[in-house]
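**Student:** Below are the structure tokens for one structure; questions will follow.
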Amino acid sequence: MTKDLRRDDLQPSPAELRSVFGANLRRLGRDAPSISALCRDLGINRTQFNRYLAGESFPRPDVLHRICRFFGVDARILLEPVEKIRNQPNALLSHPFISDFIGAGMTGLAEDEFPSGFYRFSRAAFSEENRFVVGLVRISRDDGFTFLRGFEPKEALSNHAMPTDPRTREFRGLVMPQAEGLAMLVSRRDAVTTSFNYLARMPALAKTYWVGYTVRTTQENPTGRRAARLIYEYLGRDTKQILTAARSAGYANAEDLVPFHRKQLRIDEPFV
């Protein structure tokens, strides 16, 4: 009996939870010109919004999603003070200084715009003048974000006397929608190296190919590249295609490239 009472004492009541959400809404909306203007921007009835503020009700899931996207937060605003959420390290993209500029673009990339699954990519090598890199990446989604994961070719690291174990070769990144394509920020562990990638769908082959370019963060070097054309080919979850692509990953010569990849990289034309 005593144990049950202690457990109940630790559990907030529905009224207490609603008051947390109401307080969070007041905190998030304090910079709005007025409550009426905020309601118009959110597309929420003023009377209903006042009920949220007063802690009298919770929003429907679709309305909550709209509120979270507008303010650059997540559903924890139902349960935790917004100051606590934003003080956590992983809430950087929700920081009010950048949430409307960078954070707002990190979510909402639909599956039909860039499906989850495996992709084969090809690009010119940065440090090898006449060679190319063929690789495999996996696109996945979690908490509304779109992520990328892959591995550098072993040869790329061994050429610089670096370890070639999977942990060292692994890279991960974020994918966000742009007005006319996709942007990716990709880094190796501890942000040792970083690259920026841009991709746009090929109109006639929209479900399969994306083309663009990649730029690496490095000083100018007369013997190496800092930017190169890039092509992504969607393999989905086709095990046979994925294994074939994995076996061919690494450095390649022009004649080893998939013919369609080679054509789109326009290897005889300078990148501008």
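A note on labels: chains of the structure tokens are A, B, ... as shown, every chain counts residues from 1, and ligands are counted from 1 in their shown order.
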Using DSSP assignments from the backbone, pull out every residue in region 47-181 of chain A that falls under alpha helix (DSSP H) and give it to me as a ChimeraX atom specification.

**Tutor:** /A:47-53,61-71,82-86,154-158,166-169

**Student:** Identify all residues of region 4-184 of chain A in strand (DSSP E or B) (DSSP on the backbone) and supply them as a ChimeraX atom specification.

**Tutor:** /A:107,117-124,132-142,145-151,170-178,181-184

**Student:** Based on the selection just made, write N, CA and C atoms of those residues as a short mmCIF file (atom, residue, chain, number, x, y, z; two decimals), in the first residue's frame.

**Tutor:**
data_model
loop_
_atom_site.label_atom_id
_atom_site.label_comp_id
_atom_site.auth_asym_id
_atom_site.auth_seq_id
_atom_site.Cartn_x
_atom_site.Cartn_y
_atom_site.Cartn_z
N THR A 107 13.89 18.74 -40.65
CA THR A 107 12.83 17.74 -40.59
C THR A 107 11.88 17.94 -41.76
N GLY A 117 16.73 3.76 -47.43
CA GLY A 117 17.29 2.58 -48.07
C GLY A 117 18.72 2.81 -48.48
N PHE A 118 19.23 1.96 -49.35
CA PHE A 118 20.63 2.03 -49.79
C PHE A 118 20.77 2.74 -51.13
N TYR A 119 21.88 3.46 -51.26
CA TYR A 119 22.21 4.18 -52.49
C TYR A 119 23.65 3.87 -52.89
N ARG A 120 23.86 3.69 -54.19
CA ARG A 120 25.23 3.61 -54.73
C ARG A 120 25.58 4.99 -55.26
N PHE A 121 26.79 5.45 -54.97
CA PHE A 121 27.20 6.77 -55.48
C PHE A 121 28.54 6.67 -56.19
N SER A 122 28.79 7.61 -57.07
CA SER A 122 30.07 7.72 -57.77
C SER A 122 30.46 9.20 -57.83
N ARG A 123 31.74 9.44 -57.72
CA ARG A 123 32.29 10.79 -57.86
C ARG A 123 33.76 10.69 -58.20
N ALA A 124 34.33 11.78 -58.69
CA ALA A 124 35.78 11.83 -58.92
C ALA A 124 36.49 11.83 -57.57
N PHE A 132 38.30 7.46 -59.46
CA PHE A 132 36.96 7.77 -58.98
C PHE A 132 36.69 6.97 -57.72
N VAL A 133 35.70 7.44 -56.96
CA VAL A 133 35.27 6.73 -55.76
C VAL A 133 33.85 6.23 -55.99
N VAL A 134 33.66 4.94 -55.76
CA VAL A 134 32.34 4.33 -55.82
C VAL A 134 32.01 3.86 -54.41
N GLY A 135 30.85 4.21 -53.92
CA GLY A 135 30.53 3.86 -52.54
C GLY A 135 29.07 3.49 -52.34
N LEU A 136 28.76 3.13 -51.11
CA LEU A 136 27.42 2.71 -50.74
C LEU A 136 27.05 3.44 -49.46
N VAL A 137 25.88 4.06 -49.42
CA VAL A 137 25.41 4.72 -48.22
C VAL A 137 23.99 4.25 -47.90
N ARG A 138 23.65 4.37 -46.65
CA ARG A 138 22.29 4.02 -46.21
C ARG A 138 21.61 5.28 -45.69
N ILE A 139 20.41 5.55 -46.18
CA ILE A 139 19.60 6.66 -45.72
C ILE A 139 18.53 6.10 -44.77
N SER A 140 18.42 6.71 -43.60
CA SER A 140 17.43 6.27 -42.62
C SER A 140 16.78 7.48 -41.97
N ARG A 141 15.70 7.22 -41.25
CA ARG A 141 14.97 8.29 -40.59
C ARG A 141 14.74 7.96 -39.12
N ASP A 142 14.79 9.02 -38.29
CA ASP A 142 14.53 8.84 -36.86
C ASP A 142 14.12 10.19 -36.29
N PHE A 145 14.07 13.26 -38.50
CA PHE A 145 15.29 13.64 -39.19
C PHE A 145 15.67 12.57 -40.21
N THR A 146 16.41 12.98 -41.23
CA THR A 146 16.91 12.06 -42.25
C THR A 146 18.43 11.97 -42.12
N PHE A 147 18.94 10.75 -41.98
CA PHE A 147 20.36 10.54 -41.71
C PHE A 147 21.02 9.73 -42.82
N LEU A 148 22.33 9.87 -42.90
CA LEU A 148 23.15 9.17 -43.90
C LEU A 148 24.28 8.47 -43.16
N ARG A 149 24.65 7.27 -43.64
CA ARG A 149 25.78 6.54 -43.04
C ARG A 149 26.50 5.74 -44.11
N GLY A 150 27.83 5.75 -44.07
CA GLY A 150 28.62 4.98 -45.01
C GLY A 150 30.05 4.85 -44.52
N PHE A 151 30.94 4.32 -45.39
CA PHE A 151 32.34 4.08 -45.01
C PHE A 151 33.27 4.54 -46.13
N GLU A 170 34.18 5.10 -40.92
CA GLU A 170 32.75 5.43 -40.92
C GLU A 170 32.51 6.94 -41.04
N PHE A 171 31.50 7.30 -41.82
CA PHE A 171 31.03 8.70 -41.86
C PHE A 171 29.52 8.71 -41.71
N ARG A 172 29.03 9.80 -41.16
CA ARG A 172 27.59 9.98 -40.98
C ARG A 172 27.22 11.41 -41.33
N GLY A 173 25.94 11.61 -41.62
CA GLY A 173 25.53 12.95 -41.98
C GLY A 173 24.05 13.20 -41.83
N LEU A 174 23.69 14.46 -41.99
CA LEU A 174 22.31 14.92 -41.97
C LEU A 174 21.87 15.29 -43.38
N VAL A 175 20.62 15.02 -43.70
CA VAL A 175 20.07 15.36 -45.00
C VAL A 175 18.90 16.32 -44.78
N MET A 176 18.86 17.42 -45.52
CA MET A 176 17.76 18.36 -45.37
C MET A 176 17.26 18.82 -46.73
N PRO A 177 15.97 19.10 -46.84
CA PRO A 177 15.42 19.55 -48.12
C PRO A 177 15.85 20.96 -48.45
N GLN A 178 16.02 21.22 -49.72
CA GLN A 178 16.29 22.56 -50.24
C GLN A 178 15.21 22.92 -51.25
N GLY A 181 16.28 20.76 -54.32
CA GLY A 181 17.06 19.53 -54.17
C GLY A 181 17.26 19.17 -52.72
N LEU A 182 18.43 18.59 -52.43
CA LEU A 182 18.78 18.13 -51.09
C LEU A 182 20.17 18.63 -50.72
N ALA A 183 20.37 18.91 -49.45
CA ALA A 183 21.69 19.26 -48.95
C ALA A 183 22.09 18.24 -47.90
N MET A 184 23.36 17.86 -47.89
CA MET A 184 23.86 16.89 -46.92
C MET A 184 25.13 17.45 -46.28
#

**Student:** Separation of CA of His160 (chain A) and CA of Val192 (chain A), in Å?

**Tutor:**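 So the two atoms, CA of His160 (chain A) and CA of Val192 (chain A), lie 13.6 Å apart.
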
**Student:** Would you list the contacts of region 51-65 of chain A as a list in words, taking every protein, DNA or RNA residue within 8 Å and counting only C-alpha atoms, but skipping same-chain residues closer than 2 positions in sequence?

**Tutor:**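 The residues that qualify are Ala15, Arg18, Ser19, Val20, Phe21, Gly22, Ala23, Leu25, Arg26, Ile44, Thr47, Gln48, Phe49, Ile67, Cys68, Arg69 and Ala75 of chain A.
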
**Student:** Got a sec: who's within 10 Å of Ile35 (chain A), counting only C-alpha atoms, leaving out chain neighbours fewer than 3 positions off, as a short mmCIF file (atom, residue, chain, number, x, y, z; two decimals) with C-alpha atoms, in the first residue's frame?

**Tutor:**
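Output contents, as saved in part_20.cif:
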data_model
loop_
_atom_site.label_atom_id
_atom_site.label_comp_id
_atom_site.auth_asym_id
_atom_site.auth_seq_id
_atom_site.Cartn_x
_atom_site.Cartn_y
_atom_site.Cartn_z
CA ARG A 26 3.49 30.91 -23.32
CA GLY A 29 5.06 32.45 -28.08
CA ARG A 30 6.31 35.37 -26.03
CA ASP A 31 8.02 36.99 -29.02
CA ALA A 32 4.91 36.86 -31.21
CA LEU A 38 0.36 33.55 -33.43
CA CYS A 39 -2.93 31.66 -33.84
CA ARG A 40 -3.14 32.77 -37.47
CA ASP A 41 0.42 31.64 -38.15
CA ARG A 46 -8.01 31.32 -30.80
CA PHE A 49 -5.37 27.96 -28.23
CA ASN A 50 -6.48 29.72 -25.05
#
